[in-house]
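Note: the block below is work_1.csv and it holds CSV, N, CA and C atoms and all ligand atoms.
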```csv
chain,number,residue,atom,x,y,z
A,1,MET,N,4.9,-14.4,23.4
A,1,MET,CA,4.6,-13.8,22.0
A,1,MET,C,3.1,-13.4,22.0
A,2,LYS,N,2.9,-12.2,21.4
A,2,LYS,CA,1.6,-11.6,21.3
A,2,LYS,C,1.2,-11.7,19.8
A,3,ARG,N,-0.1,-11.7,19.5
A,3,ARG,CA,-0.6,-11.8,18.2
A,3,ARG,C,-1.6,-10.7,18.0
A,4,ALA,N,-1.6,-9.9,16.9
A,4,ALA,CA,-2.6,-8.9,16.6
A,4,ALA,C,-3.0,-9.0,15.2
A,5,GLU,N,-4.3,-8.7,15.0
A,5,GLU,CA,-4.8,-8.7,13.6
A,5,GLU,C,-5.4,-7.3,13.3
A,6,LEU,N,-5.1,-6.8,12.1
A,6,LEU,CA,-5.7,-5.5,11.7
A,6,LEU,C,-5.9,-5.5,10.2
A,7,ASP,N,-6.8,-4.6,9.8
A,7,ASP,CA,-7.1,-4.4,8.4
A,7,ASP,C,-6.2,-3.3,7.9
A,8,CYS,N,-5.5,-3.5,6.8
A,8,CYS,CA,-4.6,-2.5,6.2
A,8,CYS,C,-5.5,-1.4,5.6
A,9,ILE,N,-5.1,-0.2,5.8
A,9,ILE,CA,-5.8,1.0,5.3
A,9,ILE,C,-5.1,1.7,4.2
A,10,VAL,N,-4.0,1.1,3.7
A,10,VAL,CA,-3.1,1.8,2.8
A,10,VAL,C,-3.7,1.8,1.4
A,11,CYS,N,-4.4,0.7,1.0
A,11,CYS,CA,-5.1,0.7,-0.3
A,11,CYS,C,-6.4,0.0,-0.2
A,12,PRO,N,-7.3,0.1,-1.2
A,12,PRO,CA,-8.7,-0.4,-1.1
A,12,PRO,C,-8.7,-1.9,-1.0
A,13,ALA,N,-7.6,-2.7,-1.2
A,13,ALA,CA,-7.7,-4.1,-1.0
A,13,ALA,C,-8.0,-4.6,0.4
A,14,SER,N,-7.7,-3.7,1.4
A,14,SER,CA,-8.0,-4.0,2.8
A,14,SER,C,-7.6,-5.3,3.3
A,15,CYS,N,-6.3,-5.7,3.0
A,15,CYS,CA,-5.8,-7.0,3.5
A,15,CYS,C,-6.0,-7.2,5.0
A,16,ARG,N,-6.3,-8.4,5.4
A,16,ARG,CA,-6.4,-8.7,6.9
A,16,ARG,C,-5.0,-9.1,7.2
A,17,ILE,N,-4.3,-8.4,8.1
A,17,ILE,CA,-2.9,-8.7,8.4
A,17,ILE,C,-2.7,-9.2,9.8
A,18,THR,N,-1.9,-10.2,9.9
A,18,THR,CA,-1.6,-10.8,11.3
A,18,THR,C,-0.2,-10.4,11.6
A,19,VAL,N,0.0,-9.9,12.8
A,19,VAL,CA,1.4,-9.5,13.2
A,19,VAL,C,1.7,-10.3,14.6
A,20,GLU,N,2.8,-10.8,14.6
A,20,GLU,CA,3.3,-11.4,15.9
A,20,GLU,C,4.3,-10.5,16.5
A,21,LEU,N,4.2,-10.2,17.8
A,21,LEU,CA,5.1,-9.3,18.5
A,21,LEU,C,5.7,-10.1,19.6
A,22,SER,N,7.0,-9.7,19.9
A,22,SER,CA,7.7,-10.3,21.0
A,22,SER,C,7.1,-9.7,22.3
A,23,GLU,N,7.5,-10.3,23.4
A,23,GLU,CA,7.0,-9.7,24.7
A,23,GLU,C,7.4,-8.3,24.9
A,24,GLU,N,8.6,-7.9,24.3
A,24,GLU,CA,9.0,-6.5,24.4
A,24,GLU,C,8.3,-5.6,23.4
A,25,GLY,N,7.4,-6.1,22.5
A,25,GLY,CA,6.7,-5.3,21.6
A,25,GLY,C,7.3,-5.2,20.2
A,26,ARG,N,8.4,-5.9,19.9
A,26,ARG,CA,9.0,-5.9,18.6
A,26,ARG,C,8.3,-6.8,17.6
A,27,VAL,N,8.2,-6.4,16.4
A,27,VAL,CA,7.5,-7.2,15.4
A,27,VAL,C,8.4,-8.4,15.0
A,28,VAL,N,7.8,-9.6,15.1
A,28,VAL,CA,8.6,-10.8,14.9
A,28,VAL,C,8.2,-11.3,13.5
A,29,SER,N,6.9,-11.3,13.1
A,29,SER,CA,6.5,-11.7,11.8
A,29,SER,C,5.2,-11.0,11.4
A,30,VAL,N,5.1,-10.9,10.1
A,30,VAL,CA,3.9,-10.3,9.5
A,30,VAL,C,3.4,-11.2,8.4
A,31,SER,N,2.0,-11.5,8.4
A,31,SER,CA,1.5,-12.3,7.3
A,31,SER,C,0.1,-11.8,6.9
A,32,GLY,N,-0.3,-12.2,5.7
A,32,GLY,CA,-1.6,-11.8,5.2
A,32,GLY,C,-1.6,-10.5,4.4
A,33,ASN,N,-0.4,-9.8,4.4
A,33,ASN,CA,-0.3,-8.6,3.6
A,33,ASN,C,0.0,-8.9,2.2
A,34,GLY,N,-0.7,-8.1,1.3
A,34,GLY,CA,-0.5,-8.3,-0.1
A,34,GLY,C,0.7,-7.7,-0.7
A,35,CYS,N,1.4,-6.8,0.1
A,35,CYS,CA,2.6,-6.2,-0.4
A,35,CYS,C,3.4,-5.6,0.8
A,36,ARG,N,4.6,-5.1,0.4
A,36,ARG,CA,5.5,-4.6,1.5
A,36,ARG,C,5.0,-3.4,2.3
A,37,ARG,N,4.2,-2.6,1.5
A,37,ARG,CA,3.7,-1.4,2.2
A,37,ARG,C,2.8,-1.8,3.3
A,38,GLY,N,2.0,-2.9,3.2
A,38,GLY,CA,1.1,-3.3,4.2
A,38,GLY,C,1.9,-3.8,5.4
A,39,ALA,N,3.0,-4.5,5.2
A,39,ALA,CA,3.8,-5.0,6.3
A,39,ALA,C,4.4,-3.8,7.1
A,40,GLN,N,4.8,-2.8,6.4
A,40,GLN,CA,5.3,-1.6,7.0
A,40,GLN,C,4.2,-0.9,7.8
A,41,TYR,N,3.0,-0.7,7.2
A,41,TYR,CA,1.9,-0.1,7.9
A,41,TYR,C,1.6,-0.8,9.2
A,42,ALA,N,1.5,-2.2,9.1
A,42,ALA,CA,1.1,-3.0,10.2
A,42,ALA,C,2.1,-2.8,11.4
A,43,GLY,N,3.4,-2.9,11.0
A,43,GLY,CA,4.4,-2.8,12.0
A,43,GLY,C,4.4,-1.4,12.7
A,44,THR,N,4.2,-0.4,11.9
A,44,THR,CA,4.2,1.0,12.5
A,44,THR,C,2.9,1.2,13.3
A,45,GLU,N,1.8,0.7,12.8
A,45,GLU,CA,0.5,0.8,13.5
A,45,GLU,C,0.5,0.2,14.9
A,46,LEU,N,1.2,-0.9,15.0
A,46,LEU,CA,1.3,-1.6,16.3
A,46,LEU,C,2.4,-1.1,17.2
A,47,THR,N,3.4,-0.5,16.7
A,47,THR,CA,4.5,-0.1,17.6
A,47,THR,C,4.6,1.5,17.8
A,48,ALA,N,4.3,2.2,16.7
A,48,ALA,CA,4.3,3.7,16.8
A,48,ALA,C,3.4,4.3,15.8
A,49,PRO,N,2.0,4.2,16.1
A,49,PRO,CA,1.1,4.7,15.1
A,49,PRO,C,1.1,6.1,14.7
A,50,VAL,N,1.0,6.5,13.5
A,50,VAL,CA,1.0,7.8,13.0
A,50,VAL,C,-0.2,8.1,12.1
A,51,ARG,N,-0.5,9.4,11.9
A,51,ARG,CA,-1.6,9.8,11.0
A,51,ARG,C,-1.3,11.1,10.4
A,52,MET,N,-1.8,11.3,9.2
A,52,MET,CA,-1.8,12.6,8.6
A,52,MET,C,-2.9,13.4,9.3
A,53,VAL,N,-2.7,14.7,9.5
A,53,VAL,CA,-3.8,15.5,10.1
A,53,VAL,C,-4.3,16.5,9.1
A,54,THR,N,-5.6,16.6,9.0
A,54,THR,CA,-6.1,17.7,8.1
A,54,THR,C,-7.1,18.5,8.9
A,55,GLY,N,-7.4,19.7,8.4
A,55,GLY,CA,-8.3,20.6,9.1
A,55,GLY,C,-8.5,21.8,8.2
A,56,THR,N,-9.1,22.9,8.8
A,56,THR,CA,-9.2,24.1,8.1
A,56,THR,C,-8.9,25.2,9.0
A,57,VAL,N,-8.4,26.4,8.4
A,57,VAL,CA,-8.2,27.6,9.2
A,57,VAL,C,-8.9,28.8,8.5
A,58,PRO,N,-9.2,29.8,9.3
A,58,PRO,CA,-9.9,30.9,8.7
A,58,PRO,C,-9.0,31.7,7.7
A,59,VAL,N,-9.6,32.2,6.6
A,59,VAL,CA,-8.8,33.0,5.6
A,59,VAL,C,-9.4,34.4,5.6
A,60,GLU,N,-8.5,35.4,6.0
A,60,GLU,CA,-8.9,36.8,6.0
A,60,GLU,C,-8.9,37.3,4.5
A,61,GLY,N,-9.9,37.9,4.0
A,61,GLY,CA,-10.0,38.5,2.7
A,61,GLY,C,-10.0,37.5,1.6
A,62,GLY,N,-10.3,36.2,1.9
A,62,GLY,CA,-10.3,35.2,0.8
A,62,GLY,C,-11.6,35.0,0.1
A,63,LEU,N,-11.6,34.4,-1.1
A,63,LEU,CA,-12.8,34.1,-1.8
A,63,LEU,C,-13.6,33.0,-1.1
A,64,ILE,N,-13.0,32.3,-0.2
A,64,ILE,CA,-13.7,31.3,0.6
A,64,ILE,C,-13.3,31.6,2.1
A,65,LYS,N,-14.1,31.2,3.0
A,65,LYS,CA,-13.9,31.6,4.4
A,65,LYS,C,-12.8,30.8,5.1
A,66,ARG,N,-12.7,29.5,4.7
A,66,ARG,CA,-11.7,28.6,5.4
A,66,ARG,C,-10.8,27.9,4.4
A,67,LEU,N,-9.6,27.8,4.8
A,67,LEU,CA,-8.5,27.2,4.0
A,67,LEU,C,-8.3,25.7,4.5
A,68,PRO,N,-8.5,24.7,3.6
A,68,PRO,CA,-8.1,23.4,4.0
A,68,PRO,C,-6.6,23.2,4.2
A,69,VAL,N,-6.2,22.6,5.2
A,69,VAL,CA,-4.8,22.4,5.5
A,69,VAL,C,-4.4,21.0,5.8
A,70,VAL,N,-3.2,20.6,5.6
A,70,VAL,CA,-2.8,19.2,5.8
A,70,VAL,C,-1.3,19.2,6.3
A,71,THR,N,-1.0,18.2,7.2
A,71,THR,CA,0.4,18.1,7.6
A,71,THR,C,1.2,17.6,6.5
A,72,SER,N,2.5,18.0,6.5
A,72,SER,CA,3.4,17.5,5.4
A,72,SER,C,3.9,16.1,5.6
A,73,ALA,N,3.6,15.5,6.8
A,73,ALA,CA,4.0,14.1,7.0
A,73,ALA,C,3.1,13.6,8.2
A,74,PRO,N,3.0,12.3,8.3
A,74,PRO,CA,2.2,11.8,9.4
A,74,PRO,C,2.8,12.2,10.8
A,75,VAL,N,1.9,12.4,11.8
A,75,VAL,CA,2.4,12.7,13.1
A,75,VAL,C,2.0,11.6,14.1
A,76,PRO,N,2.7,11.5,15.2
A,76,PRO,CA,2.3,10.4,16.1
A,76,PRO,C,0.9,10.5,16.6
A,77,LYS,N,0.2,9.4,16.6
A,77,LYS,CA,-1.3,9.4,16.9
A,77,LYS,C,-1.5,10.1,18.3
A,78,GLY,N,-0.6,9.9,19.2
A,78,GLY,CA,-0.8,10.5,20.5
A,78,GLY,C,-0.6,12.0,20.6
A,79,ARG,N,-0.2,12.6,19.5
A,79,ARG,CA,0.0,14.1,19.5
A,79,ARG,C,-1.0,14.8,18.6
A,80,ILE,N,-2.0,14.0,18.0
A,80,ILE,CA,-3.0,14.6,17.1
A,80,ILE,C,-3.8,15.7,17.8
A,81,PHE,N,-4.1,15.5,19.1
A,81,PHE,CA,-4.9,16.5,19.8
A,81,PHE,C,-4.1,17.8,19.9
A,82,ASP,N,-2.8,17.7,20.2
A,82,ASP,CA,-2.0,18.9,20.4
A,82,ASP,C,-1.9,19.6,19.0
A,83,VAL,N,-1.7,18.8,17.9
A,83,VAL,CA,-1.6,19.4,16.6
A,83,VAL,C,-2.9,20.2,16.3
A,84,MET,N,-4.1,19.5,16.5
A,84,MET,CA,-5.4,20.2,16.3
A,84,MET,C,-5.5,21.4,17.1
A,85,LYS,N,-5.0,21.4,18.3
A,85,LYS,CA,-5.1,22.6,19.2
A,85,LYS,C,-4.3,23.8,18.6
A,86,GLU,N,-3.1,23.4,18.1
A,86,GLU,CA,-2.3,24.5,17.5
A,86,GLU,C,-2.9,25.0,16.2
A,87,ILE,N,-3.5,24.1,15.4
A,87,ILE,CA,-4.1,24.5,14.1
A,87,ILE,C,-5.3,25.4,14.4
A,88,HIS,N,-6.0,25.2,15.5
A,88,HIS,CA,-7.2,25.9,15.9
A,88,HIS,C,-6.8,27.4,16.1
A,89,HIS,N,-5.6,27.7,16.5
A,89,HIS,CA,-5.2,29.1,16.7
A,89,HIS,C,-4.6,29.8,15.5
A,90,ILE,N,-4.5,29.2,14.4
A,90,ILE,CA,-3.9,29.8,13.2
A,90,ILE,C,-5.0,30.4,12.3
A,91,HIS,N,-4.6,31.6,11.7
A,91,HIS,CA,-5.4,32.2,10.7
A,91,HIS,C,-4.5,32.7,9.6
A,92,VAL,N,-4.9,32.8,8.4
A,92,VAL,CA,-4.1,33.3,7.3
A,92,VAL,C,-4.8,34.4,6.5
A,93,CYS,N,-4.0,35.1,5.7
A,93,CYS,CA,-4.5,36.1,4.9
A,93,CYS,C,-4.4,35.7,3.4
A,94,ALA,N,-5.5,35.9,2.6
A,94,ALA,CA,-5.4,35.6,1.2
A,94,ALA,C,-4.5,36.6,0.5
A,95,PRO,N,-3.9,36.3,-0.6
A,95,PRO,CA,-4.0,35.0,-1.3
A,95,PRO,C,-3.1,33.9,-0.7
A,96,VAL,N,-3.5,32.7,-0.9
A,96,VAL,CA,-2.7,31.5,-0.5
A,96,VAL,C,-2.6,30.6,-1.7
A,97,ALA,N,-1.5,30.0,-1.9
A,97,ALA,CA,-1.3,29.0,-3.0
A,97,ALA,C,-1.2,27.6,-2.4
A,98,VAL,N,-1.8,26.7,-3.1
A,98,VAL,CA,-1.7,25.3,-2.7
A,98,VAL,C,-0.2,24.9,-2.4
A,99,GLY,N,0.1,24.3,-1.3
A,99,GLY,CA,1.5,23.9,-1.0
A,99,GLY,C,2.2,24.9,-0.1
A,100,ASP,N,1.6,26.1,0.0
A,100,ASP,CA,2.3,27.1,0.9
A,100,ASP,C,2.4,26.6,2.3
A,101,ILE,N,3.5,26.9,2.9
A,101,ILE,CA,3.7,26.5,4.3
A,101,ILE,C,3.0,27.5,5.2
A,102,ILE,N,2.0,27.0,5.9
A,102,ILE,CA,1.2,27.8,6.8
A,102,ILE,C,1.9,27.9,8.2
A,103,ARG,N,2.5,26.8,8.7
A,103,ARG,CA,3.2,26.8,10.0
A,103,ARG,C,4.3,25.8,9.9
A,104,GLU,N,5.5,26.2,10.4
A,104,GLU,CA,6.6,25.3,10.4
A,104,GLU,C,6.7,24.6,11.8
A,105,ASN,N,7.3,23.4,11.8
A,105,ASN,CA,7.5,22.7,13.0
A,105,ASN,C,6.3,22.7,14.0
A,106,LEU,N,5.2,22.2,13.5
A,106,LEU,CA,4.0,22.1,14.3
A,106,LEU,C,4.3,21.3,15.6
A,107,CYS,N,4.0,21.9,16.7
A,107,CYS,CA,4.1,21.3,18.0
A,107,CYS,C,5.6,20.7,18.3
A,108,GLY,N,6.5,21.3,17.6
A,108,GLY,CA,7.9,20.8,17.7
A,108,GLY,C,8.2,19.5,17.1
A,109,LEU,N,7.3,19.0,16.2
A,109,LEU,CA,7.4,17.7,15.7
A,109,LEU,C,8.2,17.6,14.4
A,110,GLY,N,8.7,18.8,13.9
A,110,GLY,CA,9.4,18.8,12.7
A,110,GLY,C,8.6,18.6,11.4
A,111,VAL,N,7.3,18.8,11.6
A,111,VAL,CA,6.3,18.7,10.5
A,111,VAL,C,5.7,20.0,10.2
A,112,GLU,N,5.5,20.3,8.9
A,112,GLU,CA,4.9,21.6,8.5
A,112,GLU,C,3.4,21.4,8.3
A,113,LEU,N,2.7,22.5,8.4
A,113,LEU,CA,1.3,22.6,8.0
A,113,LEU,C,1.2,23.3,6.7
A,114,LYS,N,0.6,22.7,5.7
A,114,LYS,CA,0.6,23.2,4.3
A,114,LYS,C,-0.9,23.5,3.8
A,115,ALA,N,-1.0,24.5,2.9
A,115,ALA,CA,-2.3,24.8,2.3
A,115,ALA,C,-2.6,23.6,1.4
A,116,ALA,N,-3.9,23.2,1.4
A,116,ALA,CA,-4.3,22.1,0.6
A,116,ALA,C,-5.0,22.6,-0.7
A,117,ARG,N,-5.2,23.9,-0.8
A,117,ARG,CA,-5.7,24.4,-2.0
A,117,ARG,C,-5.4,25.9,-2.1
A,118,THR,N,-5.6,26.4,-3.3
A,118,THR,CA,-5.3,27.8,-3.5
A,118,THR,C,-6.6,28.6,-3.2
A,119,VAL,N,-6.4,29.8,-2.5
A,119,VAL,CA,-7.5,30.7,-2.2
A,119,VAL,C,-7.1,32.1,-2.7
A,120,GLY,N,-7.8,32.6,-3.7
A,120,GLY,CA,-7.6,33.9,-4.2
A,120,GLY,C,-8.1,35.0,-3.2
A,121,ARG,N,-7.7,36.2,-3.5
A,121,ARG,CA,-8.1,37.3,-2.6
A,121,ARG,C,-9.4,37.9,-3.2
A,122,LYS,N,-10.4,38.2,-2.3
A,122,LYS,CA,-11.6,38.8,-2.7
A,122,LYS,C,-11.4,40.1,-3.5
A,123,GLY,N,-12.1,40.3,-4.6
A,123,GLY,CA,-12.0,41.5,-5.3
A,123,GLY,C,-10.9,41.5,-6.3
A,124,GLU,N,-10.0,40.5,-6.4
A,124,GLU,CA,-9.0,40.4,-7.4
A,124,GLU,C,-9.3,39.4,-8.4
A,125,PRO,N,-8.8,39.6,-9.6
A,125,PRO,CA,-9.2,38.6,-10.7
A,125,PRO,C,-8.5,37.3,-10.5
B,1,LIG,S1,-1.2,-5.0,2.2
B,1,LIG,FE1,-0.7,-3.9,0.3
B,1,LIG,S2,-2.3,-4.8,-1.1
B,1,LIG,FE2,-3.0,-5.2,1.0
B,1,LIG,S3,-4.3,-3.5,1.6
B,1,LIG,FE3,-2.2,-3.0,2.3
B,1,LIG,S4,-1.3,-1.8,0.7
B,1,LIG,FE4,-3.1,-2.8,-0.2
```

Please express what this file holds, its structure, as structure tokens.
Ligand code: SF4
Amino acid sequence: MKRAELDCIVCPASCRITVELSEEGRVVSVSGNGCRRGAQYAGTELTAPVRMVTGTVPVEGGLIKRLPVVTSAPVPKGRIFDVMKEIHHIHVCAPVAVGDIIRENLCGLGVELKAARTVGRKGEP
């Protein structure tokens, strides 16, 4: 049996969570969590960690030069570099509305890249 401790990052309470894992890496018990979300976070973090990815891409003709973007769902931590590399090659044309899909199926992960804000076109009201 292995034992791991981590701070939950789901909410500001930052509970200190203890997880016991079997030799095969399966979660056997979780303690110290203040709610079920923390138990789920801790289990995922120790077995298959994921993260939301944010970034910016250039906007052609926009009122601002770069559009903030965010993934529609968390991606495996081990694929973040690949996702960032793909985002690095994307550019968009204004106007863009918050929530617009900028890229589908990022890195084949079944996750979309979405606009995190609206950007109007230069010279338009
Ligand atoms: S376990 Fe629950 S209460 Fe504690 S930090 Fe995580 S989300 Fe917040």

Report as JSON lines the residues of chain A within 7 Å of ligand LIG 1 (chain B), each with its shortest atom pair and distance in Å (one decimal), using all atoms listed in the file, ordered by chain and increasing residue number.
```
{"residue": "A:Asp7", "atom": "C", "partner": "B:LIG1", "partner_atom": "S3", "distance": 6.6}
{"residue": "A:Cys8", "atom": "CA", "partner": "B:LIG1", "partner_atom": "FE3", "distance": 4.6}
{"residue": "A:Ile9", "atom": "N", "partner": "B:LIG1", "partner_atom": "FE3", "distance": 5.3}
{"residue": "A:Val10", "atom": "C", "partner": "B:LIG1", "partner_atom": "S4", "distance": 4.4}
{"residue": "A:Cys11", "atom": "N", "partner": "B:LIG1", "partner_atom": "FE4", "distance": 3.9}
{"residue": "A:Pro12", "atom": "N", "partner": "B:LIG1", "partner_atom": "FE4", "distance": 5.2}
{"residue": "A:Ala13", "atom": "C", "partner": "B:LIG1", "partner_atom": "S3", "distance": 4.0}
{"residue": "A:Ser14", "atom": "N", "partner": "B:LIG1", "partner_atom": "S3", "distance": 3.4}
{"residue": "A:Cys15", "atom": "N", "partner": "B:LIG1", "partner_atom": "S3", "distance": 3.3}
{"residue": "A:Arg16", "atom": "N", "partner": "B:LIG1", "partner_atom": "FE2", "distance": 6.4}
{"residue": "A:Gly32", "atom": "C", "partner": "B:LIG1", "partner_atom": "S1", "distance": 5.9}
{"residue": "A:Asn33", "atom": "CA", "partner": "B:LIG1", "partner_atom": "S1", "distance": 4.0}
{"residue": "A:Gly34", "atom": "N", "partner": "B:LIG1", "partner_atom": "S1", "distance": 3.3}
{"residue": "A:Cys35", "atom": "N", "partner": "B:LIG1", "partner_atom": "FE1", "distance": 3.6}
{"residue": "A:Arg36", "atom": "N", "partner": "B:LIG1", "partner_atom": "FE1", "distance": 5.4}
{"residue": "A:Arg37", "atom": "C", "partner": "B:LIG1", "partner_atom": "S4", "distance": 4.9}
{"residue": "A:Gly38", "atom": "CA", "partner": "B:LIG1", "partner_atom": "S1", "distance": 3.5}
{"residue": "A:Ala39", "atom": "N", "partner": "B:LIG1", "partner_atom": "S1", "distance": 5.2}
```

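The closest residue to Arg121 (chain A), picked from A:Ala73, A:Met1, A:Ala94, A:Leu67 and counting all atoms listed in the file, is A:Ala94.
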
Region 122-125 of chain A surroundings by only C-alpha atoms, 9 Å radius, close-in-sequence under 5 positions cut, as a VMD selection string
chain A and resid 61 to 64 94 to 95

Once DSSP has gone over the backbone, tell me which residues of chain A are in helix (DSSP H, G or I), as a ChimeraX atom specification.
/A:36-47,77-88,106-108

Given all atoms listed in the file as the counted atoms, nearest of A:Val50, A:Val111, A:Val27, A:Val57 to Lys77 (chain A)
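Using all atoms listed in the file, the shortest distance to Lys77 (chain A) belongs to A:Val50.
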
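One finds atom C of Gln40 (chain A) at 19.8 Å from atom N of Thr71 (chain A).
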
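Minimum atom-to-atom distances from A:Glu112, A:Glu104, A:Glu5, A:Asp82 to Gly43 (chain A) were compared using only C-alpha atoms, and the lowest value belongs to A:Glu5.
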
Determine, counting only N, CA and C atoms, which protein, DNA and RNA residues have an atom within 7 Å of an atom of Gly99 (chain A); residues of the same chain fewer than 6 positions away are not included. Present the result as a PyMOL selection string.
chain A and resi 114-118

Between atom C of Pro74 (chain A) and CA of Met52 (chain A), what is the spacing in Å?
5.1 Å

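CA of Val53 (chain A) is found 13.7 Å from CA of Asn105 (chain A).
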
Strand (DSSP E or B) call set, DSSP backbone run, region 4-109 of chain A, as number ranges by chain
A: 4-7, 16-21, 27-31, 50-51, 54-60, 62, 66-71, 75-76, 92-93, 96, 101-103

Determine, counting all atoms listed in the file, which protein, DNA and RNA residues have an atom within 8 Å of an atom of Lys2 (chain A); residues of the same chain fewer than 4 positions away are not included. Present the result as a PyMOL selection string.
chain A and resi 19-25

List the neighbours of Glu86 (chain A) out to 10 Å using only C-alpha atoms; skip same-chain residues closer than 4 positions along the sequence, and give me the result as a list in words.
Ile80, Phe81, Asp82, Ile90, Arg103, Leu106 and Cys107 of chain A

Written file, previous selection with N, CA and C atoms, as an mmCIF file, keeping the file's coordinate frame:
```cif
data_model
loop_
_atom_site.group_PDB
_atom_site.id
_atom_site.type_symbol
_atom_site.label_atom_id
_atom_site.label_comp_id
_atom_site.auth_asym_id
_atom_site.auth_seq_id
_atom_site.Cartn_x
_atom_site.Cartn_y
_atom_site.Cartn_z
ATOM 1 N N ILE A 80 -2.000 14.000 18.000
ATOM 2 C CA ILE A 80 -3.000 14.600 17.100
ATOM 3 C C ILE A 80 -3.800 15.700 17.800
ATOM 4 N N PHE A 81 -4.100 15.500 19.100
ATOM 5 C CA PHE A 81 -4.900 16.500 19.800
ATOM 6 C C PHE A 81 -4.100 17.800 19.900
ATOM 7 N N ASP A 82 -2.800 17.700 20.200
ATOM 8 C CA ASP A 82 -2.000 18.900 20.400
ATOM 9 C C ASP A 82 -1.900 19.600 19.000
ATOM 10 N N ILE A 90 -4.500 29.200 14.400
ATOM 11 C CA ILE A 90 -3.900 29.800 13.200
ATOM 12 C C ILE A 90 -5.000 30.400 12.300
ATOM 13 N N ARG A 103 2.500 26.800 8.700
ATOM 14 C CA ARG A 103 3.200 26.800 10.000
ATOM 15 C C ARG A 103 4.300 25.800 9.900
ATOM 16 N N LEU A 106 5.200 22.200 13.500
ATOM 17 C CA LEU A 106 4.000 22.100 14.300
ATOM 18 C C LEU A 106 4.300 21.300 15.600
ATOM 19 N N CYS A 107 4.000 21.900 16.700
ATOM 20 C CA CYS A 107 4.100 21.300 18.000
ATOM 21 C C CYS A 107 5.600 20.700 18.300
#
```
